[in-house]
Amino acid sequence: MIKLVLVRHGQSIWNQENKFTGWTDVELSINGILEAKEAGKLLLENNFKFDIAYTSYLKRAIDTLNLIIETANYKNLKIRYTWKLNERHYGALQGLNKQETALKYGDEQVRIWRRSYSVKPPTLDEFDKRNPKCDPKYKNIDYLPLTESLEDTYKRVVDYYKNEIERELKNNKNILISAHGNSLRALIKYLENISDDDIVSLEIPTGRPYVYELDDNLSIIKKYYL
């Protein structure tokens, strides 16, 4: 039996402040650090072992993974980093308070930007300092979004899953992924064949390991939160 475990990073300081985060590289909050350590504790107590871990280019996911590794004592775990597991890019909304944005644009418009499958938030200006091309860690990447729908996020996440992660699972590797609310929603949509309409209501809690037990064909035998 093969195990694939997904963990949404612990609460970040912008989660705490109710801001749109997207690709902005913010730290974990104190509570988020505790959540990450608790995730590691749960994995240790339930005897989970992994061959490879995947994470994004964003430090809240990387720090969550590192805290899990430290807490669960996962020595010599191979770690692979990819921008394709980054959070959905929230465009010009990044850094804005969600409640203040709702007061300005209306609750319904913000709900559509946040929860719809195919609608993109307002595009970030190319010359805005928040453009990811201004960040050295993306210097070798040809395509960098200035806004994304969940559908856009789905395409890049699933592309990476099919071409990289799936291959390792087929080689009987147990895998841990530390990523983000929307990148994990995209992956879960694919793995569980969730419809475009139903995926909008899926919520993923921070810092709680979500386990898939898979057969040799990568069909889901069982799924559950620790």
# chains A, B, ... in the order shown; residues from 1 in each chain; ligands from 1

call {"tool": "select_by_dssp", "arguments": {"residues": "range 131-196 of chain A", "states": "strand (DSSP E or B)", "output": "list in words"}}
result
Ile175, Leu176, Ile177, Ser178 and Ala179 of chain A

call {"tool": "residues_around", "arguments": {"residues": "Leu58 in chain A", "least_positions_apart": "2", "cutoff": "9 Å", "atoms": "only C-alpha atoms", "output": "mmCIF file with C-alpha atoms, in the first residue's frame"}}
result
data_model
loop_
_atom_site.group_PDB
_atom_site.id
_atom_site.type_symbol
_atom_site.label_atom_id
_atom_site.label_comp_id
_atom_site.auth_asym_id
_atom_site.auth_seq_id
_atom_site.Cartn_x
_atom_site.Cartn_y
_atom_site.Cartn_z
ATOM 1 C CA TRP A 23 2.669 34.331 -3.997
ATOM 2 C CA THR A 24 3.674 36.881 -1.360
ATOM 3 C CA ASP A 25 6.356 35.199 0.745
ATOM 4 C CA VAL A 26 5.186 35.606 4.333
ATOM 5 C CA THR A 55 6.971 21.637 -1.399
ATOM 6 C CA SER A 56 6.570 25.007 -3.103
ATOM 7 C CA ARG A 60 5.452 29.208 4.754
ATOM 8 C CA ALA A 61 5.201 25.788 3.062
ATOM 9 C CA ILE A 62 8.950 25.149 3.257
ATOM 10 C CA ASP A 63 9.061 26.089 6.960
ATOM 11 C CA TRP A 83 6.915 26.710 -8.103
ATOM 12 C CA ASN A 86 2.820 27.544 -5.117
ATOM 13 C CA GLU A 87 -0.407 29.031 -3.865
ATOM 14 C CA ALA A 179 1.779 23.162 0.018
#

call {"tool": "residues_around", "arguments": {"residues": "range 138-142 of chain A", "least_positions_apart": "5", "cutoff": "10 Å", "atoms": "only C-alpha atoms", "output": "list in words"}}
result
Tyr57, Trp83, Pro132 and Lys133 of chain A

call {"tool": "atom_distance", "arguments": {"atom1": "CA of Glu148 in chain A", "atom2": "CA of Val119 in chain A"}}
result
8.1 Å

call {"tool": "atom_distance", "arguments": {"atom1": "CA of Leu43 in chain A", "atom2": "CA of Glu17 in chain A"}}
result
28.6 Å

call {"tool": "residues_around", "arguments": {"residues": "Lys75 in chain A", "least_positions_apart": "3", "cutoff": "12 Å", "atoms": "only C-alpha atoms", "output": "ChimeraX atom specification"}}
result
/A:49-53,66,68-72,78-79

call {"tool": "write_last_selection", "arguments": {"atoms": "all heavy atoms", "output": "short mmCIF file (atom, residue, chain, number, x, y, z; two decimals), in the first residue's frame"}}
result
data_model
loop_
_atom_site.label_atom_id
_atom_site.label_comp_id
_atom_site.auth_asym_id
_atom_site.auth_seq_id
_atom_site.Cartn_x
_atom_site.Cartn_y
_atom_site.Cartn_z
N LYS A 49 6.21 6.93 7.40
CA LYS A 49 7.55 7.06 6.85
C LYS A 49 7.44 7.51 5.40
O LYS A 49 6.53 7.08 4.68
CB LYS A 49 8.31 5.74 6.92
CG LYS A 49 8.41 5.13 8.31
CD LYS A 49 9.27 5.97 9.23
CE LYS A 49 9.41 5.31 10.61
NZ LYS A 49 10.16 6.16 11.55
N PHE A 50 8.36 8.36 4.98
CA PHE A 50 8.30 8.89 3.62
C PHE A 50 9.64 8.73 2.92
O PHE A 50 10.71 8.76 3.54
CB PHE A 50 7.91 10.38 3.65
CG PHE A 50 6.57 10.64 4.26
CD1 PHE A 50 6.47 11.08 5.57
CD2 PHE A 50 5.41 10.40 3.55
CE1 PHE A 50 5.23 11.30 6.16
CE2 PHE A 50 4.17 10.61 4.12
CZ PHE A 50 4.08 11.06 5.43
N ASP A 51 9.56 8.61 1.59
CA ASP A 51 10.75 8.53 0.76
C ASP A 51 11.12 9.89 0.16
O ASP A 51 12.30 10.20 0.00
CB ASP A 51 10.53 7.52 -0.38
CG ASP A 51 10.22 6.13 0.15
OD1 ASP A 51 11.13 5.50 0.72
OD2 ASP A 51 9.06 5.68 0.02
N ILE A 52 10.09 10.66 -0.18
CA ILE A 52 10.30 11.96 -0.83
C ILE A 52 9.28 12.95 -0.28
O ILE A 52 8.13 12.59 -0.02
CB ILE A 52 10.11 11.87 -2.37
CG1 ILE A 52 10.99 10.76 -2.97
CG2 ILE A 52 10.44 13.19 -3.04
CD1 ILE A 52 10.67 10.45 -4.41
N ALA A 53 9.70 14.21 -0.14
CA ALA A 53 8.78 15.30 0.21
C ALA A 53 8.84 16.36 -0.88
O ALA A 53 9.91 16.64 -1.44
CB ALA A 53 9.16 15.91 1.55
N ASN A 66 9.88 21.76 7.04
CA ASN A 66 11.07 21.62 7.88
C ASN A 66 10.71 21.34 9.33
O ASN A 66 11.39 20.55 10.01
CB ASN A 66 11.93 22.88 7.78
CG ASN A 66 12.63 22.99 6.44
OD1 ASN A 66 12.86 21.98 5.76
ND2 ASN A 66 12.98 24.20 6.05
N ILE A 68 7.96 19.81 10.33
CA ILE A 68 7.48 18.41 10.35
C ILE A 68 8.67 17.46 10.38
O ILE A 68 8.70 16.51 11.17
CB ILE A 68 6.59 18.14 9.12
CG1 ILE A 68 5.25 18.87 9.26
CG2 ILE A 68 6.36 16.63 8.94
CD1 ILE A 68 4.38 18.81 8.00
N ILE A 69 9.66 17.71 9.53
CA ILE A 69 10.84 16.86 9.46
C ILE A 69 11.57 16.84 10.81
O ILE A 69 11.98 15.78 11.30
CB ILE A 69 11.78 17.35 8.34
CG1 ILE A 69 11.16 17.05 6.97
CG2 ILE A 69 13.16 16.71 8.46
CD1 ILE A 69 11.90 17.69 5.82
N GLU A 70 11.72 18.00 11.40
CA GLU A 70 12.41 18.11 12.70
C GLU A 70 11.63 17.38 13.79
O GLU A 70 12.21 16.61 14.58
CB GLU A 70 12.57 19.58 13.07
CG GLU A 70 13.25 19.83 14.40
CD GLU A 70 13.30 21.30 14.75
OE1 GLU A 70 13.29 22.14 13.83
OE2 GLU A 70 13.33 21.61 15.95
N THR A 71 10.33 17.58 13.83
CA THR A 71 9.50 16.98 14.88
C THR A 71 9.39 15.48 14.74
O THR A 71 9.45 14.73 15.73
CB THR A 71 8.09 17.61 14.87
OG1 THR A 71 8.20 19.03 14.98
CG2 THR A 71 7.24 17.08 16.02
N ALA A 72 9.24 15.00 13.50
CA ALA A 72 9.06 13.56 13.25
C ALA A 72 10.39 12.83 13.06
O ALA A 72 10.40 11.62 12.87
CB ALA A 72 8.17 13.36 12.03
N LYS A 78 14.47 13.06 1.11
CA LYS A 78 14.69 13.83 -0.11
C LYS A 78 13.62 14.90 -0.24
O LYS A 78 12.43 14.61 -0.11
CB LYS A 78 14.65 12.91 -1.32
CG LYS A 78 15.75 11.88 -1.37
CD LYS A 78 15.58 10.97 -2.58
CE LYS A 78 16.63 9.88 -2.61
NZ LYS A 78 16.42 8.94 -3.75
N ILE A 79 14.02 16.14 -0.51
CA ILE A 79 13.07 17.24 -0.66
C ILE A 79 13.19 17.81 -2.07
O ILE A 79 14.30 18.09 -2.54
CB ILE A 79 13.33 18.36 0.37
CG1 ILE A 79 13.28 17.79 1.80
CG2 ILE A 79 12.30 19.48 0.21
CD1 ILE A 79 13.64 18.82 2.86
#

call {"tool": "select_by_dssp", "arguments": {"residues": "range 19-214 of chain A", "states": "alpha helix (DSSP H)", "output": "PyMOL selection string"}}
result
chain A and resi 30-45+59-72+98-105+107-115+150-160+166-170+181-192
